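Asks: Below are the structure tokens for one structure; questions will follow.
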Amino acid sequence: MGSRIAFVLIVVAILFPLVPLVIHSFARGYVFPQLLPAEWSTRAWRIVLATDGGTWNALRWSVVVAVAVTALSLLVALPAGRALGLRAFRGKRVLEFLVLTPLLVPAVAVAIGLDITFIRLGLSGTFWGVVLVHLIPATPYAVLVLAGVFANYDADLEAQARTLGASPLNVFRHVTMPAIKPGLIIAGFFAFIVSWSQYVLTLQIGGGKVLTLPVLLVSTASGGDVAITGALTIVSALPVVVLLGLASRHVVRAGLGTTGT
Amino acid sequence: MTMRVDLVGLTKHFGAVHAVEDFSLTIQPGRVTVLLGPSGSGKTTLLKMIAGVLRPTSGDIRFDDESVIDLPAPERDAPMVFHNALLFPQLSIEDNVGFGLRMRKTPPTERSRRVAEILELVGLHDLRTRRPEQLSGGQQQRVALARALVVSPRLLLLDEPLANLDPDLRGEMRELLLTVQRSVGLTVLLVTHDQEDAIVIADHVALIRGGSLVQEGVVSDFFKRPASAWVAMFFGAGNLIPGQRTNNEVVTPLGRLRVISESPAMGAVLVTIRPESVVLDAVEGQANTFQGRVVAAEFRGSHILMRLTAGGIDLEATIPVDDVKSHAVGSTVRVALPPEKLWPLPAD
């Protein structure tokens, strides 16, 4: 019951800021003293969702980049999180700190330096360049989440399965994967969101060629049309809200999982 | 089905830590060998190396004279039962038990028949559709045992399977284990820190300390002829009397003691005697008698433990609970140490 109330509160907190944007996106001439617009219009939505407009292209860029970033960061975070969570070794604290450093340094501080390097490497203005630069802020989150998962993981379960005749592939399928799945989903969700909301790094490295939703959104917002900006913001935010809804079940389940056997 | 296992100079180092050092032991086919030792003595490390989930630093492991050192764990056919059951949380009880058969690609009909059979044996057939977290610790441990037994292994490795159980459940588990073991003539290696486990179920005992084999043999050997003072104390010998031995005589703070013993220890020795062998109220003409003073008398359920002091040496003796002659604390008693019950050990 308590968890249900909390869930509702979280959903409200996330969705409420979107309400004024929804109103704006359907308004025609919506000025200060008015509580609600005097006139409604679907103009902004028609422009934003137009098949020849930039929205769909930006959405496609955002999805492809975020999916690639998610996959690659999990690929890195799985062994890294396992090592940090399961093993004790000299210099572990230092390594944990180094994993976190990308989160401590603002993106703007390193963006130009990175771009110079990326230009030399021929990665500037390319899809892979943007994916690579998104991995910098995305991977620490994935590593942290998975390190936490593996800290509560009993590796003897794998030894147990092996002595019962399970091949390495079967150990992963039947033992490791079921145990870390909730954590893996959360880690992937973090990586996806970090990539999805990345603006500065995308703009700098993408150089206007990789036009993701945040890039389009900022340039639209500076254009000054509140209705169009509102509609585009909703298009940007909606996928993440839906994903959060799907992942939140796993957050709850992972929370319960650590207290069980 | 039954298989002999030879451990030859098995060694495992974790960095600077020598967990197991030059350990050699033969595990007889179709018998229960108990690997006994205090916690942290390398028992579990040994078991994991035999199971194949930990690679030895050096040494060899032979199953029926064939080295398995390069054989991966899944092919060793030597399932291990861990002290904390380690059931797969997302699988039902019957799927847990059937795991090994599934990995062996046993046809589903045969699989469910064998799973049902073994669950019947361990008395958990009614719980077969439950999840592990719905079972008590004792039930989980029985599932873990069933899961290992169902694959008809060549060798069963048990790591403290009784440690987490209540005393009455422990007795039940021991019996179940022995019943199954006897019925199929399984080779079993059981690891424990509890000498009672060893006494009750072992055909053969190997005592390990600091990663090295200290003594092996049948259980009574450890009581009658311990190899060292540590072994004697581990099995509750209780009394250690320092002295100088020449042939059948030991000069001690308690006087000259006559010993009738096959122990080869000469010179500086520690003489051990079990508390139950110490005689109080010695009669005239008995050998090795001296005056002692009662320091304490502790009720121990099945007996009374008497703490004595004599010649600056602390001694323990047991007397029956209903012994009407029980001695008051502070009183003096005539103590006798029967020569044939004394066992001299090298002093170092």
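If you're wondering about the labels, chains in the structure tokens are A, B, ... by order shown, residues count from 1 in each chain, ligands from 1 in order shown.
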What residues in chain A lie within 6 Å of chain B, counting only C-alpha atoms, written as a CSV table (one decimal) with C-alpha atoms, in the first residue's frame?
Replies:
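Full text of out.csv as output:
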```
chain,number,residue,atom,x,y,z
A,157,LEU,CA,26.1,-19.8,-6.9
A,159,ALA,CA,30.4,-22.6,-8.6
A,162,ARG,CA,29.3,-25.7,-12.5
A,163,THR,CA,29.7,-28.6,-10.1
A,164,LEU,CA,26.2,-29.7,-11.1
A,165,GLY,CA,27.3,-29.9,-14.7
A,166,ALA,CA,26.4,-26.4,-16.1
```
Asks: From a DSSP calculation on the backbone, collect every residue of segment 49-187 of chain A in helix (DSSP H, G or I) and output the set as a PyMOL selection string.
Replies: chain A and resi 55-86+92-104+107-121+127-151+156-163+168-187
Asks: Give me the residues within 10 Å of Leu169 of chain B as a list in words, counting only C-alpha atoms and dropping any in the same chain fewer than 6 places off.
Replies: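 Listed by chain and then number, they are Gly137, Gly138, Gln139, Leu162 and Glu175 of chain B.
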Asks: Residues near segment 112-123 of chain A, anyone? I mean within 8 Å using only C-alpha atoms, not counting same-chain ones fewer than 4 positions away, as a list of chain:residue names.
Replies: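 That gives A:Val108, A:Trp128, A:Gly129, A:Gln204, A:Ile205.
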Asks: Print the selection's residues with C-alpha atoms to a file, as a tab-separated table (two decimals), in the first residue's frame.
Replies:
```tsv
chain	number	residue	atom	x	y	z
A	108	VAL	CA	31.68	21.81	-21.08
A	128	TRP	CA	30.49	6.81	-33.57
A	129	GLY	CA	32.14	9.98	-32.31
A	204	GLN	CA	30.34	19.85	-29.80
A	205	ILE	CA	31.28	16.46	-31.22
```
Asks: Can you pull out every residue within 9 Å of Ala155 of chain A, counting only C-alpha atoms, but drop anything in the same chain fewer than 5 positions away, and send it as a list of chain:residue names?
Replies: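 The neighbour list is A:Leu86, A:Phe150, A:Gln160, A:Thr176.
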Asks: How about saving the chosen residues, C-alpha atoms kept, as a PDB file, in the first residue's frame?
Replies:
```
ATOM      1  CA  LEU A  86      33.020  -9.103  -6.061  1.00  0.00           C
ATOM      2  CA  PHE A 150      27.526  -7.739  -7.690  1.00  0.00           C
ATOM      3  CA  GLN A 160      27.413 -24.560  -7.475  1.00  0.00           C
ATOM      4  CA  THR A 176      24.168 -15.051 -13.389  1.00  0.00           C
TER       5      THR A 176
END
```
Asks: Segment 71-78 of chain A: which residues within 6 Å, counting only C-alpha atoms, same-chain residues fewer than 4 positions away excluded, as a PyMOL selection string?
Replies: chain A and resi 139+142-143
Asks: I want to know what sits within 9 Å of Gly148 of chain A, based on only C-alpha atoms, with residues of the same chain fewer than 6 positions away left out; could you give that as a ChimeraX atom specification?
Replies: /A:81-82,84-85,183
Asks: Next, the residues of the selection above should be written as a PDB file, in the first residue's frame with C-alpha atoms.
Replies:
```pdb
ATOM      1  CA  GLY A  81      31.030  -3.864 -12.057  1.00  0.00           C
ATOM      2  CA  ARG A  82      31.684  -7.547 -11.388  1.00  0.00           C
ATOM      3  CA  LEU A  84      34.497  -3.917  -8.318  1.00  0.00           C
ATOM      4  CA  GLY A  85      31.565  -5.647  -6.628  1.00  0.00           C
ATOM      5  CA  GLY A 183      20.276  -4.394 -11.974  1.00  0.00           C
TER       6      GLY A 183
END
```
Asks: Can you tell me how far atom CA of Val105 of chain A sits from atom CA of Pro140 of chain A, in Å to one decimal?
Replies: 12.4 Å
Asks: Using only C-alpha atoms, pick whichever of A:Pro178, A:Gly206, A:Pro102, A:Pro17 has the shortest atom-to-atom distance to Tyr153 of chain A.
Replies: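 Closest residue, counting only C-alpha atoms: A:Pro178.
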Asks: Select from segment 92-262 of chain B everything DSSP, run on the backbone, classes as strand (DSSP E), then give the selection as a VMD selection string.
Replies: chain B and resid 155 to 159 187 to 192 204 to 209 212 to 217 239 to 246 249 to 252 255 to 258
Asks: So how far away is atom CA of Ile27 of chain B from atom CA of Glu216 of chain B, in Å?
Replies: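 Interatomic distance, atom CA of Glu216 of chain B to atom CA of Ile27 of chain B: 10.9 Å.
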Asks: Measuring atom to atom with only C-alpha atoms, identify which of A:Ala80, A:Ile136, A:Leu244, A:Leu36 is nearest to Leu104 of chain A.
Replies: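 Smallest separation from Leu104 of chain A among the options: A:Ile136.
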Asks: Between B:Leu315, B:Val191, B:Leu308, B:Leu176, which has the minimum distance to Lys43 of chain B (counting only C-alpha atoms)?
Replies: B:Val191
Asks: Considering only C-alpha atoms, can you say which of B:Ile61, B:Ala116, B:Val97, B:Leu207 comes closest to Ser41 of chain B?
Replies: B:Leu207
